[in-house]
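Participant: Below: one structure in structure tokens.
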Amino acid sequence: MNIEEIFEKIKNKELTICETCDNIFPYVPQKKFCDECGIARKRKSYEENREKINARQRKYYKKNTERYKAYQRKYREENREKRLAYDRKYLAKNREKINARRLARYHAKKKQEEE
Ligand SMILES: [Zn+2]
């Protein structure tokens, strides 16, 4: 594709140029950034607003605790087998990692208690 073709396609809303890195990607309404930049921006915005986001989530959770718990309960019941299978698989696959983490936590706690 030459540059005229690209601009033509951009005009026709077939393509978009990323506002950050000039990558060209298929047109999606409201989408101004390529996937990579979109993820990076989301991450950055989360980092910058972490406290605000956490506070909002806490507030939301507080307000909707019962609903949230009911939903979790329902989800757990509905997916019990799936979850157990997943847990088993995860545990088998990551046993060493989990044990190491557990041990590290144990030592950290012990150290804290000693101080
Ligand atoms: Zn980009």
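By order in the structure tokens, chains are A, B, ...; within a chain, residues start at 1; ligands start at 1, following the order shown.
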From a backbone DSSP assignment, name each residue in range 9-111 of chain A labelled alpha helix (DSSP H), as an NGL selection string.
Facilitator: :A and (9-11 or 35-48 or 50-63 or 65-78 or 80-93 or 95-111)
Participant: Please identify all protein, DNA and RNA residues within 10 Å of ligand 1, counting only C-alpha atoms and all ligand atoms, and report them as a PyMOL selection string.
Facilitator: chain A and resi 17-25+32-41
Participant: Only N, CA and C atoms, please: the residues just picked out, written as a short mmCIF file (atom, residue, chain, number, x, y, z; two decimals), in the first residue's frame.
Facilitator:
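Below you can see selection35.cif, which holds the result:
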```cif
data_model
loop_
_atom_site.label_atom_id
_atom_site.label_comp_id
_atom_site.auth_asym_id
_atom_site.auth_seq_id
_atom_site.Cartn_x
_atom_site.Cartn_y
_atom_site.Cartn_z
N ILE A 17 -4.80 5.53 12.09
CA ILE A 17 -3.41 5.65 12.51
C ILE A 17 -3.40 5.85 14.01
N CYS A 18 -2.58 5.06 14.69
CA CYS A 18 -2.47 5.20 16.14
C CYS A 18 -1.97 6.59 16.48
N GLU A 19 -2.58 7.23 17.46
CA GLU A 19 -2.21 8.60 17.81
C GLU A 19 -0.85 8.66 18.49
N THR A 20 -0.41 7.56 19.03
CA THR A 20 0.86 7.57 19.76
C THR A 20 2.03 7.11 18.91
N CYS A 21 1.85 5.98 18.21
CA CYS A 21 3.03 5.40 17.59
C CYS A 21 2.94 5.32 16.07
N ASP A 22 1.86 5.84 15.48
CA ASP A 22 1.70 5.85 14.02
C ASP A 22 1.53 4.46 13.42
N ASN A 23 1.28 3.47 14.22
CA ASN A 23 0.88 2.17 13.67
C ASN A 23 -0.46 2.33 12.96
N ILE A 24 -0.66 1.52 11.93
CA ILE A 24 -1.93 1.56 11.23
C ILE A 24 -2.69 0.29 11.54
N PHE A 25 -3.94 0.46 11.90
CA PHE A 25 -4.74 -0.72 12.25
C PHE A 25 -6.15 -0.57 11.70
N LYS A 32 -8.66 4.91 18.96
CA LYS A 32 -7.68 5.86 18.47
C LYS A 32 -6.26 5.36 18.60
N PHE A 33 -6.09 4.26 19.29
CA PHE A 33 -4.73 3.75 19.55
C PHE A 33 -4.64 2.29 19.13
N CYS A 34 -3.47 1.88 18.69
CA CYS A 34 -3.27 0.48 18.36
C CYS A 34 -3.35 -0.35 19.64
N ASP A 35 -3.42 -1.65 19.49
CA ASP A 35 -3.59 -2.50 20.67
C ASP A 35 -2.49 -2.28 21.70
N GLU A 36 -1.27 -2.24 21.21
CA GLU A 36 -0.14 -2.08 22.12
C GLU A 36 -0.25 -0.79 22.93
N CYS A 37 -0.48 0.31 22.23
CA CYS A 37 -0.58 1.60 22.92
C CYS A 37 -1.82 1.63 23.80
N GLY A 38 -2.88 0.99 23.34
CA GLY A 38 -4.09 0.96 24.15
C GLY A 38 -3.82 0.30 25.48
N ILE A 39 -3.13 -0.82 25.44
CA ILE A 39 -2.81 -1.54 26.68
C ILE A 39 -1.87 -0.71 27.55
N ALA A 40 -0.86 -0.11 26.91
CA ALA A 40 0.10 0.70 27.65
C ALA A 40 -0.61 1.88 28.32
N ARG A 41 -1.54 2.49 27.59
CA ARG A 41 -2.26 3.64 28.15
C ARG A 41 -3.14 3.23 29.32
#
```
Participant: CA of Thr65 in chain A and CA of Ser45 in chain A, how far apart in Å?
Facilitator: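 Computing it gives 26.5 Å between the two atoms.
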Participant: Quick check for you: according to DSSP on this backbone, which residues of range 8-46 of chain A are classed as strand (DSSP E)? Reply as a PDB file with C-alpha atoms, in the first residue's frame.
Facilitator:
```pdb
ATOM      1  CA  LEU A  15      -7.982   2.145   8.701  1.00  0.00           C
ATOM      2  CA  THR A  16      -6.822   4.282  11.620  1.00  0.00           C
ATOM      3  CA  ILE A  17      -3.408   5.647  12.511  1.00  0.00           C
ATOM      4  CA  ILE A  24      -1.931   1.558  11.228  1.00  0.00           C
ATOM      5  CA  PHE A  25      -4.738  -0.719  12.252  1.00  0.00           C
ATOM      6  CA  PRO A  26      -8.241  -1.654  11.044  1.00  0.00           C
TER       7      PRO A  26
END
```
Participant: Smallest atom-to-atom distance to Glu14 in chain A: which of A:Ala70, A:Val28, A:Ile53, A:Ile98, using only C-alpha atoms?
Facilitator: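 Ranking A:Ala70, A:Val28, A:Ile53, A:Ile98 by distance to Glu14 in chain A, first place goes to A:Val28.
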Participant: What is the CA of Lys63 in chain A-CA of Lys42 in chain A distance in Å, reported with one decimal?
Facilitator: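 Rounded to one decimal, the two atoms are 25.9 Å apart.
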Participant: Closest to Lys13 in chain A among A:Arg67, A:Met1, A:Pro29, A:Gln112, using only C-alpha atoms?
Facilitator: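 Of all the options, A:Pro29 lies closest to Lys13 in chain A.
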